[in-house]
Amino acid sequence: MINIALPKGRLGEKAYDLFEKAGYACPSIREESRKLIFENEETGVRYFWAKPTDVPVYVERGAADIGIAGKDILLEYEPDVYELGDLGMGKCRMCVAGPASFRDSMDTTLRVATKFPNIAKKYYASVSRQIDIINLHGSIELAPIVGLSDVIVDIVETGSTLRENNLQVFETIVPISARLIANKAGYKFKYDEIRTMSERIFALCNGGT
Ligand code: PRP
């Protein structure tokens, strides 16, 4: 049995479609319910719905053999897992954004609101800029509008949240997409099954490494 942690939500559903096409169907997952675990003995898979930021935790600790996680979450939490490849879905970018009227001054500490403090710290360390991190958990775009921060470091997908709040992108830090990750010990013990699975999946999405 291969245990697969899927991120709850649209990305997880798209990822499941891919697994199904690759021959790892589990029809009960499509039924409307509050269940979190679905298993199909015939195809040898057990799927879990986890909170997207928790997927790497399940995989790192071996509760799941493989999982789907955004590159943003992998960069932020740096879990000790194998990254098997890029699924080419969930594409967006990590950006610095703020009000068009904002003018940076190197004399002051830049106030940065984000739910990705490690990514923000690393980025500003790389450009030798002193910052004050303001940790938020959502609606990050609000922070510079109400004067809580100067800029934000956040995900931009369509750009509509920024546009509708009169904010603009100043820098793109890194492109983001969904990755297939594997537990390091599980990858050794279930090598043949996981390799076969990842090859079938990457053959469908033209990704992988
Ligand atoms: C994410 C991100 C932006 C928005 C970007 O938020 O933090 O706010 O999506 O998407 P867009 O460029 O297509 O507008 P999410 O929807 O995850 O909600 P959150 O505010 O709770 O972080």
# chains A, B, ... in the order shown; residues from 1 in each chain; ligands from 1
>>> residues_around(residues="Leu6 (chain A)", least_positions_apart="6", cutoff="7 Å", atoms="only C-alpha atoms", output="mmCIF file with N, CA, C and O atoms, in the first residue's frame")
data_model
loop_
_atom_site.group_PDB
_atom_site.id
_atom_site.type_symbol
_atom_site.label_atom_id
_atom_site.label_comp_id
_atom_site.auth_asym_id
_atom_site.auth_seq_id
_atom_site.Cartn_x
_atom_site.Cartn_y
_atom_site.Cartn_z
ATOM 1 N N GLY A 12 -5.309 19.678 -4.721
ATOM 2 C CA GLY A 12 -5.380 18.263 -4.360
ATOM 3 C C GLY A 12 -6.298 17.497 -5.301
ATOM 4 O O GLY A 12 -6.007 16.366 -5.692
ATOM 5 N N TYR A 47 -5.248 7.294 0.090
ATOM 6 C CA TYR A 47 -5.117 8.763 0.004
ATOM 7 C C TYR A 47 -5.570 9.420 1.298
ATOM 8 O O TYR A 47 -6.574 8.986 1.891
ATOM 9 N N PHE A 48 -4.888 10.490 1.716
ATOM 10 C CA PHE A 48 -5.331 11.303 2.869
ATOM 11 C C PHE A 48 -5.559 12.718 2.359
ATOM 12 O O PHE A 48 -4.764 13.192 1.542
ATOM 13 N N TRP A 49 -6.536 13.393 2.907
ATOM 14 C CA TRP A 49 -6.678 14.828 2.659
ATOM 15 C C TRP A 49 -6.042 15.546 3.839
ATOM 16 O O TRP A 49 -6.526 15.461 4.957
ATOM 17 N N ALA A 50 -4.974 16.296 3.599
ATOM 18 C CA ALA A 50 -4.315 17.038 4.687
ATOM 19 C C ALA A 50 -4.358 18.529 4.374
ATOM 20 O O ALA A 50 -4.506 18.921 3.205
ATOM 21 N N VAL A 55 1.089 18.807 4.563
ATOM 22 C CA VAL A 55 1.480 17.667 3.725
ATOM 23 C C VAL A 55 2.951 17.273 3.948
ATOM 24 O O VAL A 55 3.260 16.097 4.181
ATOM 25 N N GLY A 67 3.577 12.715 -1.275
ATOM 26 C CA GLY A 67 2.598 13.784 -1.112
ATOM 27 C C GLY A 67 2.768 14.828 -2.196
ATOM 28 O O GLY A 67 3.729 14.801 -2.969
ATOM 29 N N ILE A 68 1.793 15.729 -2.234
ATOM 30 C CA ILE A 68 1.829 16.835 -3.190
ATOM 31 C C ILE A 68 1.945 18.114 -2.381
ATOM 32 O O ILE A 68 1.092 18.393 -1.526
#
>>> residues_around(residues="Gly90 (chain A)", least_positions_apart="2", cutoff="8 Å", atoms="only C-alpha atoms", output="list in words")
Leu11, Gly70, Gly88, Cys92, Ile176, Ser177 and Ala178 of chain A
>>> write_last_selection(atoms="N, CA and C atoms", output="PDB file, in the first residue's frame")
ATOM      1  N   LEU A  11      -6.051  22.200  -5.724  1.00  0.00           N
ATOM      2  CA  LEU A  11      -4.802  21.571  -6.166  1.00  0.00           C
ATOM      3  C   LEU A  11      -4.826  20.062  -5.898  1.00  0.00           C
ATOM      4  N   GLY A  70       3.160  22.455  -2.574  1.00  0.00           N
ATOM      5  CA  GLY A  70       3.613  23.612  -3.345  1.00  0.00           C
ATOM      6  C   GLY A  70       5.077  23.902  -3.021  1.00  0.00           C
ATOM      7  N   GLY A  88       3.884  20.513 -12.619  1.00  0.00           N
ATOM      8  CA  GLY A  88       3.446  21.486 -13.631  1.00  0.00           C
ATOM      9  C   GLY A  88       2.053  22.041 -13.388  1.00  0.00           C
ATOM     10  N   CYS A  92       2.248  29.589  -9.858  1.00  0.00           N
ATOM     11  CA  CYS A  92       2.095  30.975  -9.420  1.00  0.00           C
ATOM     12  C   CYS A  92       3.513  31.494  -9.129  1.00  0.00           C
ATOM     13  N   ILE A 176       6.643  29.337  -8.581  1.00  0.00           N
ATOM     14  CA  ILE A 176       6.146  28.271  -7.696  1.00  0.00           C
ATOM     15  C   ILE A 176       5.293  27.295  -8.513  1.00  0.00           C
ATOM     16  N   SER A 177       5.359  26.012  -8.162  1.00  0.00           N
ATOM     17  CA  SER A 177       4.435  25.016  -8.736  1.00  0.00           C
ATOM     18  C   SER A 177       4.371  23.840  -7.773  1.00  0.00           C
ATOM     19  N   ALA A 178       3.456  22.921  -8.046  1.00  0.00           N
ATOM     20  CA  ALA A 178       3.278  21.763  -7.152  1.00  0.00           C
ATOM     21  C   ALA A 178       4.345  20.707  -7.414  1.00  0.00           C
TER      22      ALA A 178
END
>>> closest_residue(among="A:Val146, A:Val127, A:Ile2, A:Ile37", to="Tyr24 (chain A)", atoms="only C-alpha atoms")
A:Ile2
>>> residues_around(residues="region 137-142 of chain A", least_positions_apart="6", cutoff="12 Å", atoms="only C-alpha atoms", output="MDAnalysis selection string")
chainID A and resid 53 95:99 112:117 148:156 159:169
>>> write_last_selection(atoms="N, CA and C atoms", output="mmCIF file, in the first residue's frame")
data_model
loop_
_atom_site.group_PDB
_atom_site.id
_atom_site.type_symbol
_atom_site.label_atom_id
_atom_site.label_comp_id
_atom_site.auth_asym_id
_atom_site.auth_seq_id
_atom_site.Cartn_x
_atom_site.Cartn_y
_atom_site.Cartn_z
ATOM 1 N N THR A 53 -0.354 23.013 4.116
ATOM 2 C CA THR A 53 0.927 23.261 4.805
ATOM 3 C C THR A 53 1.379 22.059 5.635
ATOM 4 N N CYS A 95 6.157 36.820 -4.679
ATOM 5 C CA CYS A 95 6.509 38.194 -5.060
ATOM 6 C C CYS A 95 6.608 39.132 -3.872
ATOM 7 N N VAL A 96 7.310 40.225 -4.098
ATOM 8 C CA VAL A 96 7.243 41.386 -3.211
ATOM 9 C C VAL A 96 6.255 42.336 -3.879
ATOM 10 N N ALA A 97 5.274 42.808 -3.123
ATOM 11 C CA ALA A 97 4.290 43.732 -3.694
ATOM 12 C C ALA A 97 3.960 44.820 -2.685
ATOM 13 N N GLY A 98 3.377 45.885 -3.187
ATOM 14 C CA GLY A 98 2.997 46.986 -2.297
ATOM 15 C C GLY A 98 2.261 48.055 -3.078
ATOM 16 N N PRO A 99 1.921 49.156 -2.423
ATOM 17 C CA PRO A 99 1.223 50.246 -3.114
ATOM 18 C C PRO A 99 2.148 50.911 -4.131
ATOM 19 N N VAL A 112 7.778 44.146 6.440
ATOM 20 C CA VAL A 112 7.330 43.158 5.454
ATOM 21 C C VAL A 112 6.275 42.232 6.080
ATOM 22 N N ALA A 113 5.058 42.279 5.569
ATOM 23 C CA ALA A 113 4.015 41.370 6.068
ATOM 24 C C ALA A 113 3.993 40.124 5.199
ATOM 25 N N THR A 114 3.871 38.959 5.832
ATOM 26 C CA THR A 114 3.920 37.707 5.066
ATOM 27 C C THR A 114 3.465 36.522 5.894
ATOM 28 N N LYS A 115 3.050 35.448 5.169
ATOM 29 C CA LYS A 115 2.896 34.166 5.866
ATOM 30 C C LYS A 115 4.052 33.236 5.482
ATOM 31 N N PHE A 116 5.073 33.808 4.849
ATOM 32 C CA PHE A 116 6.276 33.047 4.471
ATOM 33 C C PHE A 116 7.517 33.735 5.048
ATOM 34 N N PRO A 117 7.652 33.775 6.389
ATOM 35 C CA PRO A 117 8.761 34.527 6.997
ATOM 36 C C PRO A 117 10.151 34.043 6.579
ATOM 37 N N LEU A 148 -0.025 48.650 8.162
ATOM 38 C CA LEU A 148 0.638 47.691 9.063
ATOM 39 C C LEU A 148 2.042 47.363 8.549
ATOM 40 N N SER A 149 2.206 47.373 7.222
ATOM 41 C CA SER A 149 3.520 47.077 6.639
ATOM 42 C C SER A 149 3.773 48.003 5.453
ATOM 43 N N ASP A 150 5.034 48.000 4.982
ATOM 44 C CA ASP A 150 5.362 48.756 3.760
ATOM 45 C C ASP A 150 5.056 47.917 2.530
ATOM 46 N N VAL A 151 5.477 46.632 2.596
ATOM 47 C CA VAL A 151 5.291 45.719 1.466
ATOM 48 C C VAL A 151 4.810 44.369 1.984
ATOM 49 N N ILE A 152 4.487 43.480 1.043
ATOM 50 C CA ILE A 152 4.155 42.093 1.401
ATOM 51 C C ILE A 152 5.042 41.155 0.589
ATOM 52 N N VAL A 153 5.264 39.968 1.140
ATOM 53 C CA VAL A 153 5.847 38.882 0.360
ATOM 54 C C VAL A 153 4.762 37.825 0.317
ATOM 55 N N ASP A 154 4.240 37.565 -0.879
ATOM 56 C CA ASP A 154 3.098 36.657 -0.970
ATOM 57 C C ASP A 154 3.021 36.012 -2.358
ATOM 58 N N ILE A 155 2.124 35.053 -2.455
ATOM 59 C CA ILE A 155 1.855 34.348 -3.706
ATOM 60 C C ILE A 155 0.998 35.230 -4.618
ATOM 61 N N VAL A 156 1.385 35.296 -5.885
ATOM 62 C CA VAL A 156 0.546 35.952 -6.887
ATOM 63 C C VAL A 156 0.226 34.902 -7.936
ATOM 64 N N GLY A 159 -3.126 37.615 -10.148
ATOM 65 C CA GLY A 159 -2.827 39.039 -9.931
ATOM 66 C C GLY A 159 -4.074 39.845 -9.586
ATOM 67 N N SER A 160 -5.233 39.182 -9.560
ATOM 68 C CA SER A 160 -6.453 39.973 -9.341
ATOM 69 C C SER A 160 -6.565 40.494 -7.906
ATOM 70 N N THR A 161 -6.081 39.772 -6.914
ATOM 71 C CA THR A 161 -6.155 40.281 -5.528
ATOM 72 C C THR A 161 -5.337 41.570 -5.414
ATOM 73 N N LEU A 162 -4.152 41.575 -6.029
ATOM 74 C CA LEU A 162 -3.333 42.793 -6.004
ATOM 75 C C LEU A 162 -4.052 43.929 -6.721
ATOM 76 N N ARG A 163 -4.502 43.652 -7.952
ATOM 77 C CA ARG A 163 -5.160 44.692 -8.753
ATOM 78 C C ARG A 163 -6.355 45.303 -8.034
ATOM 79 N N GLU A 164 -7.178 44.435 -7.466
ATOM 80 C CA GLU A 164 -8.404 44.945 -6.842
ATOM 81 C C GLU A 164 -8.131 45.683 -5.549
ATOM 82 N N ASN A 165 -6.904 45.599 -5.068
ATOM 83 C CA ASN A 165 -6.537 46.342 -3.852
ATOM 84 C C ASN A 165 -5.476 47.407 -4.139
ATOM 85 N N ASN A 166 -5.352 47.766 -5.416
ATOM 86 C CA ASN A 166 -4.418 48.822 -5.843
ATOM 87 C C ASN A 166 -2.983 48.577 -5.391
ATOM 88 N N LEU A 167 -2.563 47.339 -5.511
ATOM 89 C CA LEU A 167 -1.173 47.003 -5.183
ATOM 90 C C LEU A 167 -0.484 46.511 -6.448
ATOM 91 N N GLN A 168 0.840 46.575 -6.459
ATOM 92 C CA GLN A 168 1.559 46.066 -7.633
ATOM 93 C C GLN A 168 2.780 45.263 -7.246
ATOM 94 N N VAL A 169 3.202 44.421 -8.182
ATOM 95 C CA VAL A 169 4.391 43.590 -7.945
ATOM 96 C C VAL A 169 5.633 44.455 -8.106
#
>>> select_by_dssp(residues="region 117-204 of chain A", states="strand (DSSP E or B)", output="mmCIF file with N, CA and C atoms, in the first residue's frame")
data_model
loop_
_atom_site.group_PDB
_atom_site.id
_atom_site.type_symbol
_atom_site.label_atom_id
_atom_site.label_comp_id
_atom_site.auth_asym_id
_atom_site.auth_seq_id
_atom_site.Cartn_x
_atom_site.Cartn_y
_atom_site.Cartn_z
ATOM 1 N N ILE A 131 15.100 44.118 7.518
ATOM 2 C CA ILE A 131 13.624 44.118 7.519
ATOM 3 C C ILE A 131 13.054 43.785 8.888
ATOM 4 N N ASP A 132 11.798 44.153 9.038
ATOM 5 C CA ASP A 132 11.021 43.776 10.212
ATOM 6 C C ASP A 132 9.894 42.904 9.678
ATOM 7 N N ILE A 133 9.901 41.619 10.065
ATOM 8 C CA ILE A 133 8.876 40.691 9.557
ATOM 9 C C ILE A 133 7.604 40.804 10.401
ATOM 10 N N ILE A 134 6.488 40.923 9.721
ATOM 11 C CA ILE A 134 5.186 40.911 10.403
ATOM 12 C C ILE A 134 4.474 39.647 9.947
ATOM 13 N N ASN A 135 4.353 38.675 10.857
ATOM 14 C CA ASN A 135 3.760 37.375 10.516
ATOM 15 C C ASN A 135 2.241 37.439 10.497
ATOM 16 N N VAL A 151 5.477 46.632 2.596
ATOM 17 C CA VAL A 151 5.291 45.719 1.466
ATOM 18 C C VAL A 151 4.810 44.369 1.984
ATOM 19 N N ILE A 152 4.487 43.480 1.043
ATOM 20 C CA ILE A 152 4.155 42.093 1.401
ATOM 21 C C ILE A 152 5.042 41.155 0.589
ATOM 22 N N VAL A 153 5.264 39.968 1.140
ATOM 23 C CA VAL A 153 5.847 38.882 0.360
ATOM 24 C C VAL A 153 4.762 37.825 0.317
ATOM 25 N N ASP A 154 4.240 37.565 -0.879
ATOM 26 C CA ASP A 154 3.098 36.657 -0.970
ATOM 27 C C ASP A 154 3.021 36.012 -2.358
ATOM 28 N N ILE A 155 2.124 35.053 -2.455
ATOM 29 C CA ILE A 155 1.855 34.348 -3.706
ATOM 30 C C ILE A 155 0.998 35.230 -4.618
ATOM 31 N N VAL A 156 1.385 35.296 -5.885
ATOM 32 C CA VAL A 156 0.546 35.952 -6.887
ATOM 33 C C VAL A 156 0.226 34.902 -7.936
ATOM 34 N N LEU A 167 -2.563 47.339 -5.511
ATOM 35 C CA LEU A 167 -1.173 47.003 -5.183
ATOM 36 C C LEU A 167 -0.484 46.511 -6.448
ATOM 37 N N GLN A 168 0.840 46.575 -6.459
ATOM 38 C CA GLN A 168 1.559 46.066 -7.633
ATOM 39 C C GLN A 168 2.780 45.263 -7.246
ATOM 40 N N VAL A 169 3.202 44.421 -8.182
ATOM 41 C CA VAL A 169 4.391 43.590 -7.945
ATOM 42 C C VAL A 169 5.633 44.455 -8.106
ATOM 43 N N PHE A 170 6.550 44.374 -7.106
ATOM 44 C CA PHE A 170 7.840 45.077 -7.229
ATOM 45 C C PHE A 170 8.951 44.118 -7.685
ATOM 46 N N GLU A 171 8.908 42.899 -7.165
ATOM 47 C CA GLU A 171 9.937 41.896 -7.510
ATOM 48 C C GLU A 171 9.296 40.509 -7.535
ATOM 49 N N THR A 172 9.782 39.648 -8.429
ATOM 50 C CA THR A 172 9.418 38.230 -8.348
ATOM 51 C C THR A 172 10.581 37.511 -7.675
ATOM 52 N N ILE A 173 10.289 36.841 -6.571
ATOM 53 C CA ILE A 173 11.361 36.147 -5.832
ATOM 54 C C ILE A 173 11.627 34.778 -6.454
ATOM 55 N N VAL A 174 10.547 34.025 -6.705
ATOM 56 C CA VAL A 174 10.736 32.668 -7.261
ATOM 57 C C VAL A 174 9.422 32.152 -7.875
ATOM 58 N N PRO A 175 9.513 31.442 -9.012
ATOM 59 C CA PRO A 175 8.295 30.812 -9.537
ATOM 60 C C PRO A 175 7.932 29.596 -8.670
ATOM 61 N N ILE A 176 6.643 29.337 -8.581
ATOM 62 C CA ILE A 176 6.146 28.271 -7.696
ATOM 63 C C ILE A 176 5.293 27.295 -8.513
ATOM 64 N N ALA A 178 3.456 22.921 -8.046
ATOM 65 C CA ALA A 178 3.278 21.763 -7.152
ATOM 66 C C ALA A 178 4.345 20.707 -7.414
ATOM 67 N N ARG A 179 4.841 20.104 -6.351
ATOM 68 C CA ARG A 179 5.886 19.081 -6.457
ATOM 69 C C ARG A 179 5.405 17.768 -5.845
ATOM 70 N N LEU A 180 5.927 16.674 -6.413
ATOM 71 C CA LEU A 180 5.701 15.360 -5.819
ATOM 72 C C LEU A 180 6.859 15.115 -4.860
ATOM 73 N N ILE A 181 6.533 14.840 -3.595
ATOM 74 C CA ILE A 181 7.595 14.617 -2.605
ATOM 75 C C ILE A 181 7.473 13.214 -2.010
ATOM 76 N N ALA A 182 8.591 12.706 -1.488
ATOM 77 C CA ALA A 182 8.577 11.348 -0.940
ATOM 78 C C ALA A 182 9.324 11.299 0.381
#
>>> residues_around(residues="Glu39 (chain A)", least_positions_apart="6", cutoff="8 Å", atoms="only C-alpha atoms", output="count of residues only")
5
>>> residues_around(residues="Tyr187 (chain A)", least_positions_apart="6", cutoff="10 Å", atoms="only C-alpha atoms", output="PyMOL selection string")
chain A and resi 62+65-66+81-82+181+193-195
>>> write_last_selection(atoms="all heavy atoms", output="mmCIF file, in the first residue's frame")
data_model
loop_
_atom_site.group_PDB
_atom_site.id
_atom_site.type_symbol
_atom_site.label_atom_id
_atom_site.label_comp_id
_atom_site.auth_asym_id
_atom_site.auth_seq_id
_atom_site.Cartn_x
_atom_site.Cartn_y
_atom_site.Cartn_z
ATOM 1 N N GLY A 62 6.862 10.110 7.702
ATOM 2 C CA GLY A 62 6.572 8.759 7.219
ATOM 3 C C GLY A 62 5.128 8.308 7.370
ATOM 4 O O GLY A 62 4.816 7.158 7.076
ATOM 5 N N ASP A 65 3.808 8.092 2.394
ATOM 6 C CA ASP A 65 5.020 7.766 1.618
ATOM 7 C C ASP A 65 5.324 8.876 0.637
ATOM 8 O O ASP A 65 6.481 9.223 0.422
ATOM 9 C CB ASP A 65 4.817 6.463 0.842
ATOM 10 C CG ASP A 65 4.548 5.298 1.761
ATOM 11 O OD1 ASP A 65 5.383 5.074 2.661
ATOM 12 O OD2 ASP A 65 3.509 4.624 1.607
ATOM 13 N N ILE A 66 4.271 9.388 0.024
ATOM 14 C CA ILE A 66 4.459 10.488 -0.913
ATOM 15 C C ILE A 66 3.373 11.545 -0.686
ATOM 16 O O ILE A 66 2.386 11.300 0.008
ATOM 17 C CB ILE A 66 4.487 10.033 -2.393
ATOM 18 C CG1 ILE A 66 3.146 9.457 -2.797
ATOM 19 C CG2 ILE A 66 5.585 9.043 -2.661
ATOM 20 C CD1 ILE A 66 3.085 9.236 -4.295
ATOM 21 N N VAL A 81 12.730 15.787 2.936
ATOM 22 C CA VAL A 81 12.036 14.821 2.059
ATOM 23 C C VAL A 81 12.724 14.842 0.693
ATOM 24 O O VAL A 81 13.494 15.754 0.406
ATOM 25 C CB VAL A 81 10.541 15.203 1.870
ATOM 26 C CG1 VAL A 81 9.782 15.129 3.185
ATOM 27 C CG2 VAL A 81 10.380 16.589 1.227
ATOM 28 N N TYR A 82 12.427 13.843 -0.132
ATOM 29 C CA TYR A 82 12.895 13.893 -1.519
ATOM 30 C C TYR A 82 11.867 14.639 -2.356
ATOM 31 O O TYR A 82 10.661 14.407 -2.203
ATOM 32 C CB TYR A 82 13.056 12.485 -2.105
ATOM 33 C CG TYR A 82 14.202 11.685 -1.536
ATOM 34 C CD1 TYR A 82 14.020 10.352 -1.169
ATOM 35 C CD2 TYR A 82 15.465 12.245 -1.387
ATOM 36 C CE1 TYR A 82 15.076 9.607 -0.656
ATOM 37 C CE2 TYR A 82 16.519 11.504 -0.874
ATOM 38 C CZ TYR A 82 16.324 10.196 -0.505
ATOM 39 O OH TYR A 82 17.359 9.469 -0.006
ATOM 40 N N ILE A 181 6.533 14.840 -3.595
ATOM 41 C CA ILE A 181 7.595 14.617 -2.605
ATOM 42 C C ILE A 181 7.473 13.214 -2.010
ATOM 43 O O ILE A 181 6.395 12.613 -2.043
ATOM 44 C CB ILE A 181 7.574 15.680 -1.475
ATOM 45 C CG1 ILE A 181 6.211 15.702 -0.746
ATOM 46 C CG2 ILE A 181 7.907 17.057 -2.031
ATOM 47 C CD1 ILE A 181 6.199 16.596 0.498
ATOM 48 N N GLU A 193 7.583 0.395 -6.274
ATOM 49 C CA GLU A 193 6.210 0.912 -6.380
ATOM 50 C C GLU A 193 6.216 2.425 -6.579
ATOM 51 O O GLU A 193 5.484 2.959 -7.414
ATOM 52 C CB GLU A 193 5.407 0.607 -5.102
ATOM 53 C CG GLU A 193 5.185 -0.866 -4.833
ATOM 54 C CD GLU A 193 6.226 -1.447 -3.888
ATOM 55 O OE1 GLU A 193 7.440 -1.198 -4.105
ATOM 56 O OE2 GLU A 193 5.844 -2.148 -2.939
ATOM 57 N N ILE A 194 7.069 3.117 -5.821
ATOM 58 C CA ILE A 194 7.078 4.591 -5.906
ATOM 59 C C ILE A 194 7.669 5.049 -7.240
ATOM 60 O O ILE A 194 7.179 5.981 -7.867
ATOM 61 C CB ILE A 194 7.802 5.224 -4.697
ATOM 62 C CG1 ILE A 194 7.011 4.932 -3.412
ATOM 63 C CG2 ILE A 194 7.978 6.736 -4.882
ATOM 64 C CD1 ILE A 194 7.650 5.418 -2.132
ATOM 65 N N ARG A 195 8.709 4.373 -7.699
ATOM 66 C CA ARG A 195 9.305 4.731 -9.005
ATOM 67 C C ARG A 195 8.279 4.542 -10.125
ATOM 68 O O ARG A 195 8.107 5.398 -10.979
ATOM 69 C CB ARG A 195 10.515 3.838 -9.326
ATOM 70 C CG ARG A 195 11.888 4.286 -8.883
ATOM 71 C CD ARG A 195 12.181 5.725 -8.957
ATOM 72 N NE ARG A 195 12.254 6.305 -10.297
ATOM 73 C CZ ARG A 195 12.457 7.590 -10.540
ATOM 74 N NH1 ARG A 195 12.614 8.438 -9.541
ATOM 75 N NH2 ARG A 195 12.525 8.046 -11.762
#
>>> closest_residue(among="A:Thr158, A:Ser128, A:Asn3, A:Ser33", to="ligand 1", atoms="only C-alpha atoms and all ligand atoms")
A:Thr158
>>> closest_residue(among="A:Phe189, A:Leu18, A:Pro27, A:Ala63", to="Glu42 (chain A)", atoms="only C-alpha atoms")
A:Pro27
>>> select_by_dssp(residues="region 30-191 of chain A", states="helix (DSSP H, G or I)", output="PyMOL selection string")
chain A and resi 30+52-60+71-77+117-126+142-145+160-164+184-189+191
>>> write_last_selection(atoms="N, CA and C atoms", output="compact mmCIF listing (two decimals), in the first residue's frame")
# COMPACT_ATOMS: atom_id res chain seq x y z
N ARG A 30 -14.26 10.44 -4.57
CA ARG A 30 -15.09 11.41 -5.28
C ARG A 30 -16.48 11.57 -4.65
N PRO A 52 -2.87 21.84 3.28
CA PRO A 52 -1.70 21.94 2.38
C PRO A 52 -0.36 22.17 3.10
N THR A 53 -0.35 23.01 4.12
CA THR A 53 0.93 23.26 4.80
C THR A 53 1.38 22.06 5.63
N ASP A 54 0.46 21.12 5.91
CA ASP A 54 0.81 19.95 6.71
C ASP A 54 1.30 18.77 5.88
N VAL A 55 1.09 18.81 4.56
CA VAL A 55 1.48 17.67 3.73
C VAL A 55 2.95 17.27 3.95
N PRO A 56 3.91 18.23 3.94
CA PRO A 56 5.30 17.83 4.15
C PRO A 56 5.56 17.22 5.54
N VAL A 57 4.74 17.57 6.51
CA VAL A 57 4.91 17.01 7.86
C VAL A 57 4.56 15.51 7.82
N TYR A 58 3.45 15.17 7.18
CA TYR A 58 3.05 13.76 7.06
C TYR A 58 4.11 12.97 6.30
N VAL A 59 4.66 13.60 5.25
CA VAL A 59 5.64 12.88 4.42
C VAL A 59 6.98 12.78 5.14
N GLU A 60 7.42 13.86 5.76
CA GLU A 60 8.73 13.84 6.45
C GLU A 60 8.76 12.78 7.54
N LYS A 71 5.80 24.39 -4.04
CA LYS A 71 7.20 24.74 -3.82
C LYS A 71 7.31 25.83 -2.74
N ASP A 72 6.30 26.68 -2.62
CA ASP A 72 6.29 27.72 -1.58
C ASP A 72 6.41 27.10 -0.19
N ILE A 73 5.65 26.02 0.02
CA ILE A 73 5.65 25.37 1.34
C ILE A 73 6.98 24.65 1.57
N LEU A 74 7.54 24.08 0.51
CA LEU A 74 8.83 23.39 0.64
C LEU A 74 9.95 24.40 0.94
N LEU A 75 9.90 25.55 0.30
CA LEU A 75 10.93 26.57 0.55
C LEU A 75 10.78 27.16 1.95
N GLU A 76 9.55 27.30 2.39
CA GLU A 76 9.32 27.91 3.70
C GLU A 76 9.71 26.98 4.85
N TYR A 77 9.31 25.70 4.76
CA TYR A 77 9.50 24.79 5.90
C TYR A 77 10.73 23.89 5.75
N PRO A 117 7.65 33.77 6.39
CA PRO A 117 8.76 34.53 7.00
C PRO A 117 10.15 34.04 6.58
N ASN A 118 10.32 32.74 6.40
CA ASN A 118 11.67 32.25 6.03
C ASN A 118 12.04 32.65 4.61
N ILE A 119 11.08 32.54 3.70
CA ILE A 119 11.34 32.94 2.32
C ILE A 119 11.66 34.43 2.29
N ALA A 120 10.89 35.22 3.03
CA ALA A 120 11.11 36.67 3.04
C ALA A 120 12.48 37.00 3.65
N LYS A 121 12.81 36.36 4.78
CA LYS A 121 14.11 36.65 5.43
C LYS A 121 15.26 36.30 4.50
N LYS A 122 15.18 35.14 3.86
CA LYS A 122 16.27 34.72 2.95
C LYS A 122 16.40 35.67 1.78
N TYR A 123 15.27 36.06 1.23
CA TYR A 123 15.32 36.95 0.07
C TYR A 123 15.97 38.28 0.46
N TYR A 124 15.53 38.88 1.56
CA TYR A 124 16.08 40.19 1.93
C TYR A 124 17.53 40.09 2.42
N ALA A 125 17.90 38.93 3.00
CA ALA A 125 19.31 38.74 3.38
C ALA A 125 20.16 38.72 2.10
N SER A 126 19.61 38.12 1.04
CA SER A 126 20.38 38.01 -0.22
C SER A 126 20.58 39.37 -0.89
N LEU A 142 -4.03 43.15 2.86
CA LEU A 142 -4.59 44.21 3.72
C LEU A 142 -3.49 45.02 4.41
N ALA A 143 -2.40 44.36 4.76
CA ALA A 143 -1.38 44.98 5.62
C ALA A 143 -0.83 46.32 5.10
N PRO A 144 -0.37 46.41 3.84
CA PRO A 144 0.17 47.71 3.40
C PRO A 144 -0.93 48.75 3.19
N ILE A 145 -2.14 48.30 2.94
CA ILE A 145 -3.24 49.25 2.71
C ILE A 145 -3.58 50.01 3.99
N SER A 160 -5.23 39.18 -9.56
CA SER A 160 -6.45 39.97 -9.34
C SER A 160 -6.57 40.49 -7.91
N THR A 161 -6.08 39.77 -6.91
CA THR A 161 -6.16 40.28 -5.53
C THR A 161 -5.34 41.57 -5.41
N LEU A 162 -4.15 41.58 -6.03
CA LEU A 162 -3.33 42.79 -6.00
C LEU A 162 -4.05 43.93 -6.72
N ARG A 163 -4.50 43.65 -7.95
CA ARG A 163 -5.16 44.69 -8.75
C ARG A 163 -6.36 45.30 -8.03
N GLU A 164 -7.18 44.44 -7.47
CA GLU A 164 -8.40 44.94 -6.84
C GLU A 164 -8.13 45.68 -5.55
N LYS A 184 11.96 9.80 2.84
CA LYS A 184 13.25 9.23 2.44
C LYS A 184 13.36 7.74 2.70
N ALA A 185 12.89 7.28 3.86
CA ALA A 185 12.97 5.84 4.16
C ALA A 185 11.97 5.07 3.30
N GLY A 186 10.77 5.60 3.18
CA GLY A 186 9.72 4.95 2.38
C GLY A 186 10.15 4.78 0.94
N TYR A 187 10.90 5.77 0.44
CA TYR A 187 11.36 5.72 -0.95
C TYR A 187 12.28 4.52 -1.17
N LYS A 188 13.06 4.19 -0.13
CA LYS A 188 13.96 3.02 -0.25
C LYS A 188 13.16 1.72 -0.13
N PHE A 189 12.30 1.66 0.91
CA PHE A 189 11.56 0.41 1.16
C PHE A 189 10.55 0.09 0.06
N TYR A 191 10.70 1.29 -3.11
CA TYR A 191 11.34 1.90 -4.29
C TYR A 191 10.61 1.56 -5.60
